[in-house]
Amino acid sequence: MKPGRLAAAALAIGLPGNAAAGQQSRPVAAQVDRFGLTGLLVQGGIATGTAPRGTTLLSLNGMPVSFAADRRFLIAFDRDAAPTATLVARLADGGEIRRTLAIAPRAWDISRLNTLPKYPVPRPEFDRVRPGELAQINAARAMRSDSQGWRQTFLWPVTGRISTLFGSQRIYRGEPGAYHSGIDIARPTGTIVLAPADGVVILAAATPFTLEGNLLMIDHGMGLNTAFMHLSRIDVRPGQQVRRGQPVGAVGRSGRATGPHLHWSLKWRDARIDPLLIAGPMPAAD
């Protein structure tokens, strides 16, 4: 999550106005210097920082933010994040350091499909199995590990053509679908998928989920987690520690997928993050 890579990623995704070239530097340098933030303060963005000395409680928009023994912390902003966020450090002496962060907006790819239903699976069957699948996903996201992967520079789990960008959304016969929560990378079935950073496996689906197919989730610490969807196989088990660059599975087309690809999504608490802003521009495929 180095500044240069984040700026390059901003240019690659075409942030509006001066967001790529200037807006991310003004909030970081001018507004939040006491917190030492590095990153992009944009919708779908992520930043790391250092809590001021003497901090006993750190919060973002009133919600506690964990910080490590060296006072390092991580925050992120959802795809639909509000224009501002408030970061507050409460100090041992009773004082308070407060900063209002300007969160840059982004334009999203919206397409309207007037001939397709929202769910192409039999509705009764979907309604029967989906609650159990969501319960597994929510239970996994509630898990916390002491992994230090959140401190690392993330790598792309596979390299290839990006077929769908983060944040895009389809409108089915006037009914909005959920926005695309990650990024799709088109690769042949069997292409090896690597862990983007150190972490602990929090979910390895025993059977394919209705939408996600063979689903793998990895916790990177500090509330940051990865989800890989549509895998042809999963090569790790729940509770296993994985290292950055370690093979964890293979690309497939399980679940709701029209062709083989990897769907990679990142989430910090309830905020969904654009992988382009944490891994940087896509390198050339091997």
# chains A, B, ... in the order shown; residues from 1 in each chain; ligands from 1
>>> residues_around(residues="Pro238 of chain A", least_positions_apart="2", cutoff="7 Å", atoms="only C-alpha atoms", output="PyMOL selection string")
chain A and resi 201-204+240
>>> residues_around(residues="Phe35 of chain A", least_positions_apart="3", cutoff="10 Å", atoms="only C-alpha atoms", output="number ranges by chain")
A: 28-29, 31-32, 38, 48-53, 71-73, 87-89, 97-99
>>> write_last_selection(atoms="N, CA and C atoms", output="mmCIF file, in the first residue's frame")
data_model
loop_
_atom_site.group_PDB
_atom_site.id
_atom_site.type_symbol
_atom_site.label_atom_id
_atom_site.label_comp_id
_atom_site.auth_asym_id
_atom_site.auth_seq_id
_atom_site.Cartn_x
_atom_site.Cartn_y
_atom_site.Cartn_z
ATOM 1 N N VAL A 28 -4.536 13.899 2.876
ATOM 2 C CA VAL A 28 -3.509 13.177 3.609
ATOM 3 C C VAL A 28 -2.481 14.129 4.188
ATOM 4 N N ALA A 29 -2.001 15.094 3.387
ATOM 5 C CA ALA A 29 -0.917 15.953 3.823
ATOM 6 C C ALA A 29 -1.382 17.090 4.706
ATOM 7 N N GLN A 31 -4.858 17.694 6.053
ATOM 8 C CA GLN A 31 -5.920 17.551 7.030
ATOM 9 C C GLN A 31 -5.608 16.549 8.140
ATOM 10 N N VAL A 32 -4.804 15.551 7.869
ATOM 11 C CA VAL A 32 -4.649 14.461 8.830
ATOM 12 C C VAL A 32 -3.185 14.202 9.151
ATOM 13 N N THR A 38 -1.396 7.412 5.144
ATOM 14 C CA THR A 38 -0.889 7.156 3.810
ATOM 15 C C THR A 38 -1.944 6.343 3.064
ATOM 16 N N THR A 48 -3.551 3.663 5.804
ATOM 17 C CA THR A 48 -2.949 3.288 7.072
ATOM 18 C C THR A 48 -2.401 4.534 7.736
ATOM 19 N N GLY A 49 -2.262 4.485 9.048
ATOM 20 C CA GLY A 49 -1.767 5.644 9.767
ATOM 21 C C GLY A 49 -1.181 5.247 11.100
ATOM 22 N N THR A 50 -0.790 6.260 11.865
ATOM 23 C CA THR A 50 -0.236 6.072 13.201
ATOM 24 C C THR A 50 -1.010 6.960 14.167
ATOM 25 N N ALA A 51 -1.576 6.364 15.192
ATOM 26 C CA ALA A 51 -2.323 7.134 16.179
ATOM 27 C C ALA A 51 -1.380 8.062 16.934
ATOM 28 N N PRO A 52 -1.819 9.260 17.286
ATOM 29 C CA PRO A 52 -0.973 10.171 18.057
ATOM 30 C C PRO A 52 -0.535 9.539 19.378
ATOM 31 N N ARG A 53 0.620 9.941 19.866
ATOM 32 C CA ARG A 53 1.104 9.432 21.153
ATOM 33 C C ARG A 53 0.094 9.748 22.256
ATOM 34 N N ARG A 71 1.133 1.646 17.459
ATOM 35 C CA ARG A 71 0.118 2.666 17.172
ATOM 36 C C ARG A 71 -0.309 2.713 15.708
ATOM 37 N N ARG A 72 0.118 1.736 14.908
ATOM 38 C CA ARG A 72 -0.301 1.693 13.516
ATOM 39 C C ARG A 72 -1.746 1.202 13.419
ATOM 40 N N PHE A 73 -2.498 1.733 12.432
ATOM 41 C CA PHE A 73 -3.887 1.339 12.264
ATOM 42 C C PHE A 73 -4.261 1.371 10.784
ATOM 43 N N LEU A 87 -12.310 11.192 12.047
ATOM 44 C CA LEU A 87 -11.331 10.373 12.747
ATOM 45 C C LEU A 87 -10.989 11.070 14.063
ATOM 46 N N VAL A 88 -11.121 10.352 15.175
ATOM 47 C CA VAL A 88 -10.925 10.950 16.489
ATOM 48 C C VAL A 88 -9.984 10.086 17.321
ATOM 49 N N ALA A 89 -8.997 10.718 17.943
ATOM 50 C CA ALA A 89 -8.113 10.056 18.906
ATOM 51 C C ALA A 89 -8.367 10.676 20.275
ATOM 52 N N ILE A 97 -7.959 14.618 19.703
ATOM 53 C CA ILE A 97 -7.524 15.097 18.398
ATOM 54 C C ILE A 97 -8.547 14.618 17.379
ATOM 55 N N ARG A 98 -9.133 15.562 16.668
ATOM 56 C CA ARG A 98 -10.231 15.249 15.751
ATOM 57 C C ARG A 98 -9.907 15.793 14.367
ATOM 58 N N ARG A 99 -10.145 14.991 13.344
ATOM 59 C CA ARG A 99 -9.947 15.429 11.973
ATOM 60 C C ARG A 99 -11.136 15.005 11.121
#
>>> residues_around(residues="Met217 of chain A", least_positions_apart="2", cutoff="9 Å", atoms="only C-alpha atoms", output="list in words")
Ile137, Ala140, Arg141, Val200, Val201, Ile202, Leu203, Ala204, Ala205, Leu215, Asp219, Asn225, Thr226, Ala227, Phe228, Met229 and Pro238 of chain A
>>> write_last_selection(atoms="N, CA, C and O atoms", output="PDB file, in the first residue's frame")
ATOM      1  N   ILE A 137     -20.862 -16.912   5.812  1.00  0.00           N
ATOM      2  CA  ILE A 137     -20.036 -15.770   5.421  1.00  0.00           C
ATOM      3  C   ILE A 137     -19.946 -14.760   6.569  1.00  0.00           C
ATOM      4  O   ILE A 137     -18.859 -14.262   6.895  1.00  0.00           O
ATOM      5  N   ALA A 140     -17.747 -16.014   9.345  1.00  0.00           N
ATOM      6  CA  ALA A 140     -16.328 -15.925   8.984  1.00  0.00           C
ATOM      7  C   ALA A 140     -15.822 -14.499   9.141  1.00  0.00           C
ATOM      8  O   ALA A 140     -14.729 -14.259   9.682  1.00  0.00           O
ATOM      9  N   ARG A 141     -16.605 -13.525   8.700  1.00  0.00           N
ATOM     10  CA  ARG A 141     -16.172 -12.126   8.781  1.00  0.00           C
ATOM     11  C   ARG A 141     -16.115 -11.624  10.221  1.00  0.00           C
ATOM     12  O   ARG A 141     -15.443 -10.632  10.503  1.00  0.00           O
ATOM     13  N   VAL A 200      -4.988 -15.705   7.716  1.00  0.00           N
ATOM     14  CA  VAL A 200      -5.520 -16.940   8.281  1.00  0.00           C
ATOM     15  C   VAL A 200      -6.820 -17.266   7.543  1.00  0.00           C
ATOM     16  O   VAL A 200      -7.671 -16.384   7.363  1.00  0.00           O
ATOM     17  N   VAL A 201      -6.976 -18.510   7.125  1.00  0.00           N
ATOM     18  CA  VAL A 201      -8.181 -18.933   6.412  1.00  0.00           C
ATOM     19  C   VAL A 201      -9.358 -18.930   7.389  1.00  0.00           C
ATOM     20  O   VAL A 201      -9.325 -19.603   8.426  1.00  0.00           O
ATOM     21  N   ILE A 202     -10.393 -18.181   7.058  1.00  0.00           N
ATOM     22  CA  ILE A 202     -11.570 -18.106   7.921  1.00  0.00           C
ATOM     23  C   ILE A 202     -12.783 -18.813   7.307  1.00  0.00           C
ATOM     24  O   ILE A 202     -13.758 -19.069   8.003  1.00  0.00           O
ATOM     25  N   LEU A 203     -12.714 -19.122   6.024  1.00  0.00           N
ATOM     26  CA  LEU A 203     -13.776 -19.901   5.385  1.00  0.00           C
ATOM     27  C   LEU A 203     -13.214 -20.580   4.144  1.00  0.00           C
ATOM     28  O   LEU A 203     -12.580 -19.926   3.310  1.00  0.00           O
ATOM     29  N   ALA A 204     -13.450 -21.894   4.048  1.00  0.00           N
ATOM     30  CA  ALA A 204     -13.130 -22.657   2.848  1.00  0.00           C
ATOM     31  C   ALA A 204     -14.347 -23.534   2.589  1.00  0.00           C
ATOM     32  O   ALA A 204     -14.551 -24.550   3.270  1.00  0.00           O
ATOM     33  N   ALA A 205     -15.195 -23.107   1.667  1.00  0.00           N
ATOM     34  CA  ALA A 205     -16.504 -23.750   1.474  1.00  0.00           C
ATOM     35  C   ALA A 205     -16.358 -25.242   1.208  1.00  0.00           C
ATOM     36  O   ALA A 205     -15.591 -25.666   0.333  1.00  0.00           O
ATOM     37  N   LEU A 215     -15.946 -20.905  -2.370  1.00  0.00           N
ATOM     38  CA  LEU A 215     -15.601 -19.623  -1.748  1.00  0.00           C
ATOM     39  C   LEU A 215     -14.492 -19.809  -0.721  1.00  0.00           C
ATOM     40  O   LEU A 215     -14.588 -20.667   0.165  1.00  0.00           O
ATOM     41  N   ASP A 219      -8.422 -13.878   6.448  1.00  0.00           N
ATOM     42  CA  ASP A 219      -8.328 -12.692   7.292  1.00  0.00           C
ATOM     43  C   ASP A 219      -6.881 -12.218   7.326  1.00  0.00           C
ATOM     44  O   ASP A 219      -5.966 -13.004   7.588  1.00  0.00           O
ATOM     45  N   ASN A 225     -10.192  -8.431   5.228  1.00  0.00           N
ATOM     46  CA  ASN A 225     -10.232  -9.801   4.724  1.00  0.00           C
ATOM     47  C   ASN A 225     -10.429  -9.857   3.221  1.00  0.00           C
ATOM     48  O   ASN A 225     -10.958  -8.931   2.603  1.00  0.00           O
ATOM     49  N   THR A 226      -9.959 -10.953   2.657  1.00  0.00           N
ATOM     50  CA  THR A 226     -10.048 -11.262   1.232  1.00  0.00           C
ATOM     51  C   THR A 226     -11.097 -12.338   1.014  1.00  0.00           C
ATOM     52  O   THR A 226     -11.236 -13.246   1.839  1.00  0.00           O
ATOM     53  N   ALA A 227     -11.828 -12.258  -0.104  1.00  0.00           N
ATOM     54  CA  ALA A 227     -12.708 -13.342  -0.534  1.00  0.00           C
ATOM     55  C   ALA A 227     -12.397 -13.679  -1.988  1.00  0.00           C
ATOM     56  O   ALA A 227     -12.294 -12.782  -2.828  1.00  0.00           O
ATOM     57  N   PHE A 228     -12.222 -14.973  -2.253  1.00  0.00           N
ATOM     58  CA  PHE A 228     -12.033 -15.476  -3.615  1.00  0.00           C
ATOM     59  C   PHE A 228     -13.250 -16.310  -3.966  1.00  0.00           C
ATOM     60  O   PHE A 228     -13.629 -17.215  -3.215  1.00  0.00           O
ATOM     61  N   MET A 229     -13.866 -16.039  -5.127  1.00  0.00           N
ATOM     62  CA  MET A 229     -15.082 -16.728  -5.530  1.00  0.00           C
ATOM     63  C   MET A 229     -14.883 -17.478  -6.851  1.00  0.00           C
ATOM     64  O   MET A 229     -13.974 -17.172  -7.615  1.00  0.00           O
ATOM     65  N   PRO A 238      -9.751 -24.264   6.791  1.00  0.00           N
ATOM     66  CA  PRO A 238     -10.053 -23.255   7.805  1.00  0.00           C
ATOM     67  C   PRO A 238      -9.055 -23.299   8.960  1.00  0.00           C
ATOM     68  O   PRO A 238      -8.669 -24.371   9.428  1.00  0.00           O
TER      69      PRO A 238
END
>>> closest_residue(among="A:Asp184, A:Asp93, A:Asp80, A:Asp146", to="Pro260 of chain A", atoms="only C-alpha atoms")
A:Asp184
>>> select_by_dssp(residues="segment 200-284 of chain A", states="helix (DSSP H, G or I)", output="list in words")
Leu276, Leu277, Ile278 and Ala279 of chain A
